[in-house]
Each structure stands twice: as structure tokens, then as C-alpha cells.
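See below for final.txt, which holds compact mmCIF, C-alpha atoms.
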# COMPACT_ATOMS: atom_id res chain seq x y z
CA MET A 135 1.21 -3.02 -4.97
CA LYS A 136 -2.23 -4.19 -6.07
CA PRO A 137 -4.00 -6.71 -3.85
CA ASN A 138 -4.49 -10.20 -5.29
CA LYS A 139 -8.24 -9.59 -5.21
CA ILE A 140 -10.31 -6.87 -6.86
CA PHE A 141 -13.88 -6.23 -5.79
CA ASN A 142 -16.34 -6.11 -8.65
CA GLY A 143 -17.71 -2.60 -8.94
CA ILE A 144 -14.60 -0.85 -7.65
CA SER A 145 -11.99 -2.24 -10.03
CA THR A 146 -11.67 1.23 -11.55
CA GLN A 147 -10.18 2.41 -8.26
CA PHE A 148 -6.78 1.29 -9.45
CA LEU A 149 -6.97 3.76 -12.34
CA GLN A 150 -7.74 6.75 -10.12
CA THR A 151 -5.19 9.33 -9.04
CA SER A 152 -5.39 12.35 -6.76
CA HIS A 153 -5.95 14.47 -9.86
CA THR A 154 -8.99 12.55 -11.09
CA TYR A 155 -12.33 13.78 -9.80
CA SER A 156 -14.83 12.02 -12.05
CA LEU A 157 -18.06 10.80 -10.48
CA LEU A 158 -17.97 6.99 -10.30
CA TYR A 159 -20.05 6.12 -7.24
CA VAL A 160 -23.45 7.15 -5.89
CA MET A 161 -24.32 5.82 -2.43
CA PHE A 162 -28.03 5.41 -1.66
CA ASN A 163 -29.45 5.14 1.84
CA LEU A 164 -32.94 3.69 1.94
CA PRO A 165 -35.36 4.42 4.80
CA PHE A 166 -34.20 2.82 8.05
CA ASP A 167 -35.32 -0.74 8.57
CA CYS A 168 -33.18 -3.31 10.35
CA ASN A 169 -33.44 -6.55 12.27
CA PHE A 170 -30.17 -5.80 14.13
CA HIS A 171 -29.44 -3.10 16.71
CA CYS A 172 -25.67 -2.96 16.42
CA GLU A 173 -23.56 -1.22 19.05
CA LYS A 174 -21.62 0.49 16.24
CA CYS A 175 -24.57 1.48 14.02
CA PHE A 176 -24.24 4.86 12.28
CA HIS A 177 -28.00 5.30 12.09
CA LEU A 178 -28.93 4.46 15.67
CA GLU A 179 -28.48 6.74 18.64
CA ASN A 180 -29.06 5.31 22.11
CA ASN A 181 -30.48 2.29 20.26
CA TYR A 182 -33.13 4.35 18.45
CA PRO A 183 -33.00 5.07 14.69
CA ASN A 184 -32.53 8.60 13.41
CA LYS A 185 -35.32 8.31 10.86
CA SER A 186 -35.97 10.77 8.06
CA GLU A 187 -39.37 12.43 8.12
CA THR A 188 -39.89 12.33 4.35
CA PHE A 189 -38.67 9.84 1.76
CA ILE A 190 -37.96 10.12 -1.93
CA ASP A 191 -40.19 7.82 -3.97
CA ILE A 192 -39.16 5.06 -6.34
CA PHE A 193 -39.75 7.30 -9.37
CA SER A 194 -37.31 9.91 -8.03
CA ILE A 195 -34.77 7.16 -7.34
CA LYS A 196 -35.05 5.86 -10.91
CA LYS A 197 -34.69 9.38 -12.29
CA LEU A 198 -31.55 9.91 -10.23
CA ILE A 199 -30.14 6.56 -11.34
CA ASN A 200 -30.52 7.58 -14.97
CA GLU A 201 -28.93 10.96 -14.24
CA ALA A 202 -26.02 9.12 -12.64
CA LYS A 203 -25.67 6.90 -15.70
CA GLU A 204 -25.50 9.93 -17.98
CA LEU A 205 -22.74 11.43 -15.83
CA GLY A 206 -20.59 8.31 -16.17
CA VAL A 207 -21.27 6.73 -12.78
CA HIS A 208 -19.85 3.23 -12.58
CA SER A 209 -21.56 1.72 -9.52
CA ILE A 210 -24.53 2.42 -7.26
CA ILE A 211 -23.92 1.54 -3.63
CA ILE A 212 -26.93 0.67 -1.46
CA ALA A 213 -25.32 1.09 1.92
CA GLY A 214 -28.32 1.19 4.27
CA GLU A 215 -29.85 2.64 6.33
CA GLY A 216 -30.17 -0.62 8.22
CA GLU A 217 -30.61 -3.81 6.16
CA PRO A 218 -31.43 -2.88 2.52
CA ALA A 219 -33.06 -6.23 1.74
CA LEU A 220 -35.94 -5.35 4.08
CA ASN A 221 -36.96 -2.44 1.84
CA LYS A 222 -39.97 -3.19 -0.37
CA ASN A 223 -38.35 -1.49 -3.39
CA ILE A 224 -34.95 -3.17 -3.24
CA LYS A 225 -35.57 -5.55 -6.15
CA LYS A 226 -37.09 -2.79 -8.30
CA ILE A 227 -34.03 -0.60 -7.72
CA ILE A 228 -31.56 -3.37 -8.43
CA THR A 229 -33.43 -4.44 -11.56
CA GLU A 230 -33.35 -0.85 -12.83
CA LEU A 231 -29.60 -0.64 -12.16
CA HIS A 232 -28.94 -3.93 -13.91
CA ASN A 233 -31.07 -2.98 -16.92
CA ILE A 234 -29.11 0.21 -17.60
CA GLY A 235 -25.70 -1.38 -17.02
CA LEU A 236 -24.74 -0.02 -13.60
CA ILE A 237 -23.15 -2.28 -10.99
CA PRO A 238 -25.17 -2.56 -7.75
CA ILE A 239 -23.14 -2.91 -4.55
CA VAL A 240 -25.31 -3.88 -1.58
CA TYR A 241 -24.19 -3.70 2.05
CA THR A 242 -25.87 -6.32 4.24
CA ASN A 243 -25.67 -7.88 7.68
CA GLY A 244 -25.98 -11.27 5.97
CA SER A 245 -29.06 -12.44 7.84
CA THR A 246 -31.41 -11.94 4.88
CA LEU A 247 -29.37 -13.90 2.34
CA THR A 248 -31.81 -16.68 1.54
CA SER A 249 -31.06 -18.91 -1.44
CA SER A 250 -33.73 -17.06 -3.41
CA LEU A 251 -32.26 -13.64 -2.66
CA ILE A 252 -28.71 -14.83 -3.39
CA ASN A 253 -29.89 -16.05 -6.79
CA PHE A 254 -31.60 -12.71 -7.47
CA TYR A 255 -28.46 -10.78 -6.54
CA PHE A 256 -26.31 -13.16 -8.60
CA ASN A 257 -28.50 -12.81 -11.69
CA HIS A 258 -28.44 -9.00 -11.43
CA ASN A 259 -24.66 -8.69 -11.07
CA VAL A 260 -24.88 -7.47 -7.47
CA SER A 261 -21.68 -7.29 -5.43
CA LEU A 262 -22.24 -7.91 -1.72
CA VAL A 263 -20.45 -6.35 1.26
CA ILE A 264 -21.31 -8.42 4.33
CA ALA A 265 -20.72 -7.11 7.85
CA LEU A 266 -18.99 -9.69 10.05
CA ASP A 267 -17.43 -8.43 13.28
CA SER A 268 -16.74 -11.73 15.01
CA LEU A 269 -16.59 -15.48 14.50
CA ASN A 270 -17.46 -16.01 18.16
CA GLY A 271 -21.17 -16.44 18.81
CA GLN A 272 -21.30 -14.56 22.10
CA THR A 273 -19.24 -11.67 20.77
CA TYR A 274 -21.35 -11.53 17.62
CA ASP A 275 -24.56 -11.41 19.69
CA ARG A 276 -23.10 -8.57 21.73
CA PHE A 277 -22.11 -6.49 18.71
CA SER A 278 -25.36 -7.05 16.81
CA ARG A 279 -27.67 -7.29 19.82
CA THR A 280 -29.22 -10.40 18.36
CA LYS A 281 -29.44 -13.89 19.82
CA GLY A 282 -27.92 -16.93 18.16
CA MET A 283 -27.77 -15.27 14.71
CA LEU A 284 -24.14 -16.08 13.82
CA PRO A 285 -24.66 -19.69 12.58
CA LYS A 286 -27.38 -18.49 10.21
CA VAL A 287 -25.21 -15.64 8.90
CA LEU A 288 -22.21 -17.92 8.39
CA ASN A 289 -24.38 -20.46 6.55
CA ASN A 290 -25.73 -17.68 4.32
CA ILE A 291 -22.20 -16.49 3.57
CA GLU A 292 -21.16 -20.02 2.60
CA ASN A 293 -24.18 -20.33 0.29
CA ALA A 294 -23.30 -17.00 -1.32
CA ARG A 295 -19.65 -18.08 -1.59
CA GLN A 296 -20.60 -21.27 -3.46
CA LYS A 297 -22.94 -19.45 -5.85
CA TYR A 298 -20.66 -16.51 -6.57
CA ALA A 299 -17.68 -18.77 -7.25
CA GLU A 300 -19.12 -19.00 -10.77
CA LYS A 301 -18.45 -15.29 -11.33
CA ILE A 302 -14.80 -15.14 -10.27
CA ILE A 303 -12.46 -14.21 -13.12
CA GLU A 304 -8.74 -13.51 -13.41
CA LEU A 305 -7.75 -10.00 -14.50
CA ASN A 306 -4.14 -8.87 -14.84
CA GLY A 307 -2.98 -11.29 -12.19
CA SER A 308 -5.80 -10.50 -9.75
CA ARG A 309 -9.02 -12.32 -8.89
CA VAL A 310 -12.19 -10.27 -9.43
CA VAL A 311 -14.63 -11.26 -6.67
CA HIS A 312 -18.21 -10.19 -5.93
CA LEU A 313 -18.20 -10.79 -2.18
CA ALA A 314 -16.52 -8.81 0.59
CA ILE A 315 -16.46 -9.11 4.36
CA ASN A 316 -16.41 -5.78 6.21
CA THR A 317 -15.20 -5.87 9.83
CA THR A 318 -15.31 -2.92 12.20
CA ILE A 319 -12.27 -2.98 14.50
CA THR A 320 -12.86 -2.54 18.24
CA SER A 321 -10.96 -3.51 21.38
CA ILE A 322 -13.27 -6.53 21.62
CA ASN A 323 -12.47 -8.12 18.24
CA LYS A 324 -9.02 -6.79 17.32
CA HIS A 325 -7.50 -10.21 18.05
CA GLU A 326 -9.91 -11.88 15.57
CA LEU A 327 -8.88 -10.01 12.43
CA GLU A 328 -6.46 -12.63 11.18
CA ASN A 329 -9.02 -15.41 11.70
CA ILE A 330 -11.76 -13.48 9.89
CA LYS A 331 -9.37 -12.77 7.05
CA ASP A 332 -8.49 -16.48 6.82
CA PHE A 333 -12.23 -17.24 6.75
CA CYS A 334 -12.50 -15.17 3.55
CA LYS A 335 -10.05 -17.45 1.72
CA ASP A 336 -9.42 -16.69 -1.96
CA ASP A 337 -12.98 -15.88 -3.00
CA ILE A 338 -14.03 -13.12 -0.58
CA LEU A 339 -12.28 -9.78 -0.16
CA PHE A 340 -11.49 -8.86 3.45
CA VAL A 341 -11.83 -5.23 4.54
CA CYS A 342 -11.52 -3.84 8.06
CA ASN A 343 -11.71 -0.31 9.41
CA PRO A 344 -11.56 1.34 12.85
CA ILE A 345 -14.85 2.03 14.56
CA ALA A 346 -16.08 5.59 14.02
CA ARG A 347 -17.43 7.77 16.82
CA PHE A 348 -20.88 8.27 15.27
CA GLY A 349 -24.40 7.18 16.07
CA ASN A 350 -24.77 4.29 18.49
CA ALA A 351 -21.01 3.95 18.91
CA THR A 352 -20.94 7.29 20.72
CA GLY A 353 -22.94 5.98 23.67
CA ASN A 354 -21.15 2.61 23.60
CA TRP A 355 -17.65 4.01 23.10
CA ASN A 356 -16.18 2.99 26.46
CA ASP A 357 -17.46 -0.55 25.96
CA LEU A 358 -15.97 -0.83 22.47
CA VAL A 359 -12.71 1.10 22.84
CA THR A 360 -10.54 0.41 25.88
CA ASN A 361 -8.44 3.56 25.59
CA GLU A 362 -7.13 6.13 23.12
CA GLN A 363 -3.92 4.18 22.58
CA ASP A 364 -5.96 1.18 21.54
CA TYR A 365 -7.98 3.33 19.12
CA GLN A 366 -4.79 4.55 17.43
CA LEU A 367 -3.75 0.91 17.04
CA PHE A 368 -6.90 0.20 15.04
CA HIS A 369 -5.60 2.30 12.13
CA ASP A 370 -2.39 0.25 12.01
CA LEU A 371 -4.40 -2.98 12.14
CA SER A 372 -6.58 -1.79 9.26
CA GLN A 373 -3.52 -1.17 7.11
CA LYS A 374 -2.05 -4.54 8.08
CA TYR A 375 -5.08 -6.78 7.58
CA SER A 376 -7.46 -5.06 5.17
CA GLU A 377 -6.75 -6.38 1.68
CA THR A 378 -7.21 -2.89 0.27
CA GLY A 379 -4.94 -1.34 2.91
CA GLY A 380 -7.95 0.36 4.53
CA PRO A 381 -11.42 1.27 3.20
CA LEU A 382 -13.04 -0.84 0.48
CA THR A 383 -12.42 1.77 -2.24
CA LEU A 384 -8.98 2.96 -1.11
CA THR A 385 -7.18 4.28 -4.19
CA GLU A 386 -3.53 3.75 -5.01
CA ASP A 387 -2.83 7.33 -3.94
CA GLY A 388 -4.31 6.77 -0.48
CA TYR A 389 -7.80 8.29 -0.54
CA CYS A 390 -11.24 6.74 -0.13
CA GLY A 391 -12.78 6.36 -3.59
CA TYR A 392 -16.25 7.00 -2.20
CA SER A 393 -14.95 10.38 -1.07
CA ARG A 394 -12.89 11.38 -4.11
CA ASN A 395 -15.21 9.88 -6.70
CA GLY A 396 -18.60 9.60 -5.07
CA ILE A 397 -21.50 11.20 -3.27
CA GLY A 398 -24.20 9.91 -0.94
CA ILE A 399 -27.98 10.39 -0.98
CA SER A 400 -30.08 10.22 2.18
CA PRO A 401 -33.56 8.63 2.29
CA SER A 402 -35.07 12.14 2.08
CA GLY A 403 -32.95 13.08 -0.95
CA ASP A 404 -30.27 15.13 0.82
CA TYR A 405 -26.79 14.88 -0.65
CA MET A 406 -24.17 13.49 1.75
CA THR A 407 -20.40 13.48 1.81
CA CYS A 408 -20.68 9.81 2.82
CA ALA A 409 -23.62 7.49 3.40
CA TYR A 410 -22.19 6.71 6.84
CA THR A 411 -22.82 10.10 8.37
CA SER A 412 -25.94 12.25 8.40
CA LYS A 413 -23.95 15.28 9.58
CA THR A 414 -23.71 16.63 6.03
CA ASN A 415 -27.35 16.05 5.10
CA GLY A 416 -28.65 19.04 3.16
CA LEU A 417 -25.34 20.93 3.17
CA PHE A 418 -24.83 20.15 -0.53
CA GLY A 419 -28.52 20.52 -1.34
CA ASN A 420 -31.31 18.08 -2.06
CA ILE A 421 -32.13 16.20 -5.26
CA LYS A 422 -35.30 18.31 -5.57
CA THR A 423 -33.33 21.56 -5.82
CA THR A 424 -29.78 20.64 -6.85
CA SER A 425 -28.60 18.42 -9.69
CA LEU A 426 -26.33 15.47 -9.04
CA LYS A 427 -23.56 17.14 -11.04
CA GLU A 428 -23.82 20.42 -9.13
CA ALA A 429 -23.82 18.68 -5.75
CA PHE A 430 -20.81 16.51 -6.63
CA GLU A 431 -18.77 19.45 -7.89
CA LEU A 432 -19.60 21.46 -4.78
CA LYS A 433 -18.65 18.52 -2.58
CA GLN A 434 -15.35 18.07 -4.40
CA LYS A 435 -14.47 21.74 -4.06
CA TYR A 436 -14.67 21.67 -0.27
CA GLU A 437 -13.13 18.24 0.12
CA ASN A 438 -10.17 19.28 -2.02
CA GLU A 439 -9.65 22.27 0.27
CA TYR A 440 -9.78 19.96 3.27
CA TYR A 441 -7.21 17.58 1.81
CA GLN A 442 -4.93 20.51 0.98
CA ASN A 443 -5.08 21.58 4.64
CA TYR A 444 -4.73 18.15 6.27
CA GLY A 445 -3.02 15.97 3.70
CA LYS A 446 -3.76 12.42 2.57
CA ILE A 447 -6.71 10.97 4.49
CA PRO A 448 -7.96 7.41 3.83
CA CYS A 449 -11.33 8.04 5.53
CA LEU A 450 -12.64 11.59 5.80
CA ILE A 451 -15.37 10.94 8.36
CA ARG A 452 -12.93 9.20 10.73
CA HIS A 453 -10.44 12.07 10.61
CA ASP A 454 -9.79 14.03 13.80
CA ASN A 455 -10.81 17.34 12.18
CA PHE A 456 -13.97 16.14 10.44
CA ASP A 457 -16.08 18.47 12.59
CA LYS A 458 -14.13 21.43 11.17
CA TYR A 459 -15.13 20.26 7.71
CA ILE A 460 -18.78 20.20 8.82
CA GLU A 461 -18.55 23.71 10.25
CA LYS A 462 -17.06 24.94 6.98
CA LEU A 463 -19.90 23.39 4.99
CA LYS A 464 -22.45 25.13 7.18
CA THR A 465 -21.17 28.49 5.92
CA ILE A 466 -22.04 27.63 2.30
CA LYS A 467 -24.83 29.55 0.62
CA LEU A 468 -25.86 27.14 -2.09
CA THR A 469 -27.39 29.84 -4.29
CA ASP A 470 -24.17 31.86 -4.28
CA VAL A 471 -21.68 29.13 -5.02
CA VAL A 472 -20.34 28.68 -8.53
CA TYR A 473 -17.76 25.97 -9.03
CA ASN A 474 -16.21 25.40 -12.45
CA HIS A 475 -15.40 21.70 -12.61
CA SER A 476 -13.04 22.22 -15.56
CA THR A 477 -10.63 24.29 -13.45
CA LYS A 478 -9.73 21.50 -11.01
Since I need it in another form, could you write the structure as C-alpha cells?
Amino acid sequence: MKPNKIFNGISTQFLQTSHTYSLLYVMFNLPFDCNFHCEKCFHLENNYPNKSETFIDIFSIKKLINEAKELGVHSIIIAGEGEPALNKNIKKIITELHNIGLIPIVYTNGSTLTSSLINFYFNHNVSLVIALDSLNGQTYDRFSRTKGMLPKVLNNIENARQKYAEKIIELNGSRVVHLAINTTITSINKHELENIKDFCKDDILFVCNPIARFGNATGNWNDLVTNEQDYQLFHDLSQKYSETGGPLTLTEDGYCGYSRNGIGISPSGDYMTCAYTSKTNGLFGNIKTTSLKEAFELKQKYENEYYQNYGKIPCLIRHDNFDKYIEKLKTIKLTDVVYNHSTK
């Protein structure tokens, strides 16, 4: 059953099946810059960022965006690293996306959403995914390692809610919304999920997922996850409370759309299986040496093999055998691989 809300930029997810491998999403990570130091952060380790040594320039980004458009990409996701709004090129990138008809989806911690920036995002058809892990000030400070930031974030969300109300439309019995709240489930906030979902009301999509053992969460694991039994419960809670049944782009056949129909790009131009893990950086090549089409087809080949071995998986990087997938990728010789996309 379809949810009563559809998130703008991923509405095509409901048309996807396990036999459809077209490229719809490209996930960009910009160079790390953040005003939070979250306990769960994918791009921190022991509270220090894992920064790339070299960065692709704005001209390379624009070239890749146009290549994506030619391949039929539907949306460009700016997932991080850190808080994208702090990057000096963010408005240039979004303007380029808007001008060529691609939908920008920006992940944010919500602290940077001034009225001016909300208006810019609104006018450029940006969909926003806002991290919100607690409605309790002390808990929020703990998760984000900020001090007294929650009232500001909640006020920014309300301002965005009021502005984006103008964009909500009805489509086949569902409400198409441009705002989503993304909550990471831990032992600390598992009891808050229903309240956060209620906070979203009818105009914000609510998504929640279990914490992943990557980055900063590795060192903070025992503080965030009481025990293994609790961790297994998080998956059930995600299915119960997330309005998509799990990840934001969960397809009707139970896979993450970012996995089945997307590819990530690191700040240095390495292709990634997902923008939330650097473990695959370079294993599918780099934009300087490998085309977007070649990298996506190679990625799909090995992910399809993984799904055949382990079955339906809503989030590849959270799966118990993800490390086996990484080890398999490390055996690839990019110059020797030929994958015929038409034979899928």
C-alpha cells in the first residue's frame, strides 16, 4: 500500500520494480564542513572528520550533472558531507540543477535554514530532508554535541513548513510534499518516534532508520545501543513508524531506491555505493577515469549478485554481510570488467 505522502523527487520510486535498473539518483557529497559533531555521524571518526585530500571543482560537478541529465537521472541528492549549506558552491550547484530540470534533494541538520535560504530552496524546487533525532533539548544536545540548538532548529522547520505548504499537491490520492524528517533510531530515542512522527503532521514525511555502525557511531556504539536485542528491535520500529516502511526511497518491492537506482560521488570524485559510507570510495572508479554510466552499470552488476545471495535488503550498508560485499569489490580490476547493461 502506498503511503499517504510522497516525497518530491522520489515519487518515481512507486514505479520501480526489482527488474528495473535505470539510473534515477546521483548522490553528491561535498567537502566536509559542519557545525554539528553528531555521535552518529558517518563522516566523523572519534569526533574528527575523515576529509578527502583533493576535491573536484565546480566545473567538474557541472559536467557530471549534465552527464547525469543525459542518462535520464531524475534527482540529485546533496547528502553531505556535514551540512551542505556551509559549502560556498551550494547555490551555484542548486541553480545549475534547477536550470536543467533536475530535482535537488538536500540533506540538512536544519540549523542553517534562515528565511533567506528557505526562500532560495523554495524558488529552486529543492526538497529538504532534515535530521531530527529528538524533541527533547538535552537529548538533542547529546546527539548533536551542540548546546541549546533545538529551539532554533524547530523554529526553522516551522518556517520551512509554512513556506513549503504552498507547494503541496494531491496526486492519485497522495500528498506530494517537499519536506522530510529523518530520524536515526537508537536506544536513547526509540520511545520518541511516535511523537516525532506526530510532529510531522500532514505536510512533512517522516522517515526513521536504525543507526549504522559506521564513522562516529562505532566509538559511541555502547552509548547509543543498549544491547544487540535492542538493535534488532530498531528494524521493526523503522518498519512500523517510517512512512515509507524504511529508507526514504524504499521501493514497493522492498529495496532502497538509492541502491537500485542510484550512485554516490565523494568530494574527491570517487564513485560510491552510497553517500553514507566511504568504504567503497574508488572501488567503482573515479569521475576522472570512469564515466557515470560505466560506474553505475558496474555497481549494479555486483549489487545484483549480492541481492541474489542474500535476498531482499532494504538498506545495503546496514546489512550484516556488507563487509563481504566490500571485500568482493576489492577484487575488481576496473580495466578488465565489461558489463553489458542490456543483458540484465
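From atom CA of Tyr375 of chain A back to atom CA of Asn443 of chain A, the distance works out to 28.5 Å.
By chain and then residue number, the residues within 10 Å of Asn306 of chain A are A:Asn138, A:Arg309, A:Val310, counting only C-alpha atoms and disregarding those fewer than 3 positions away in sequence.
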So which residues touch Gly403 of chain A within 8 Å, counting only C-alpha atoms, skipping near sequence neighbours fewer than 5 positions away, as a PyMOL selection string? chain A and resi 189-190+420-422
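Distance check against Glu201 of chain A using only C-alpha atoms: of A:Leu231, A:Pro183, A:Leu367, A:Ile140, the minimum falls on A:Leu231.
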I want to know what sits within 12 Å of Asn223 of chain A, based on all atoms listed in the file, with residues of the same chain fewer than 2 positions away left out; could you give that as a ChimeraX atom specification? /A:164-165,190-193,195-196,212,218-221,225-230
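Atom CA of His171 of chain A to atom CA of Ile315 of chain A spans 18.9 Å [interatomic distance, one decimal].
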What separation in Å, quoted to one decimal, exists between atom CA of Ser400 of chain A and atom CA of Leu384 of chain A? 22.6 Å
Counting all atoms listed in the file, the option among A:Gly235, A:Gly398, A:Pro448, A:Gly271 closest to Pro381 of chain A: A:Pro448
List as a PDB file with C-alpha atoms, in the coordinates of the input: which residues have an atom within 9 Å of (-20.8, 3.4, -7.6), counting only C-alpha atoms?
ATOM      1  CA  GLY A 143     -17.710  -2.600  -8.940  1.00  0.00           C
ATOM      2  CA  ILE A 144     -14.600  -0.850  -7.650  1.00  0.00           C
ATOM      3  CA  LEU A 157     -18.060  10.800 -10.480  1.00  0.00           C
ATOM      4  CA  LEU A 158     -17.970   6.990 -10.300  1.00  0.00           C
ATOM      5  CA  TYR A 159     -20.050   6.120  -7.240  1.00  0.00           C
ATOM      6  CA  VAL A 160     -23.450   7.150  -5.890  1.00  0.00           C
ATOM      7  CA  MET A 161     -24.320   5.820  -2.430  1.00  0.00           C
ATOM      8  CA  VAL A 207     -21.270   6.730 -12.780  1.00  0.00           C
ATOM      9  CA  HIS A 208     -19.850   3.230 -12.580  1.00  0.00           C
ATOM     10  CA  SER A 209     -21.560   1.720  -9.520  1.00  0.00           C
ATOM     11  CA  ILE A 210     -24.530   2.420  -7.260  1.00  0.00           C
ATOM     12  CA  ILE A 211     -23.920   1.540  -3.630  1.00  0.00           C
ATOM     13  CA  LEU A 236     -24.740  -0.020 -13.600  1.00  0.00           C
ATOM     14  CA  ILE A 237     -23.150  -2.280 -10.990  1.00  0.00           C
ATOM     15  CA  PRO A 238     -25.170  -2.560  -7.750  1.00  0.00           C
ATOM     16  CA  ILE A 239     -23.140  -2.910  -4.550  1.00  0.00           C
ATOM     17  CA  TYR A 392     -16.250   7.000  -2.200  1.00  0.00           C
ATOM     18  CA  ASN A 395     -15.210   9.880  -6.700  1.00  0.00           C
ATOM     19  CA  GLY A 396     -18.600   9.600  -5.070  1.00  0.00           C
ATOM     20  CA  ILE A 397     -21.500  11.200  -3.270  1.00  0.00           C
TER      21      ILE A 397
END
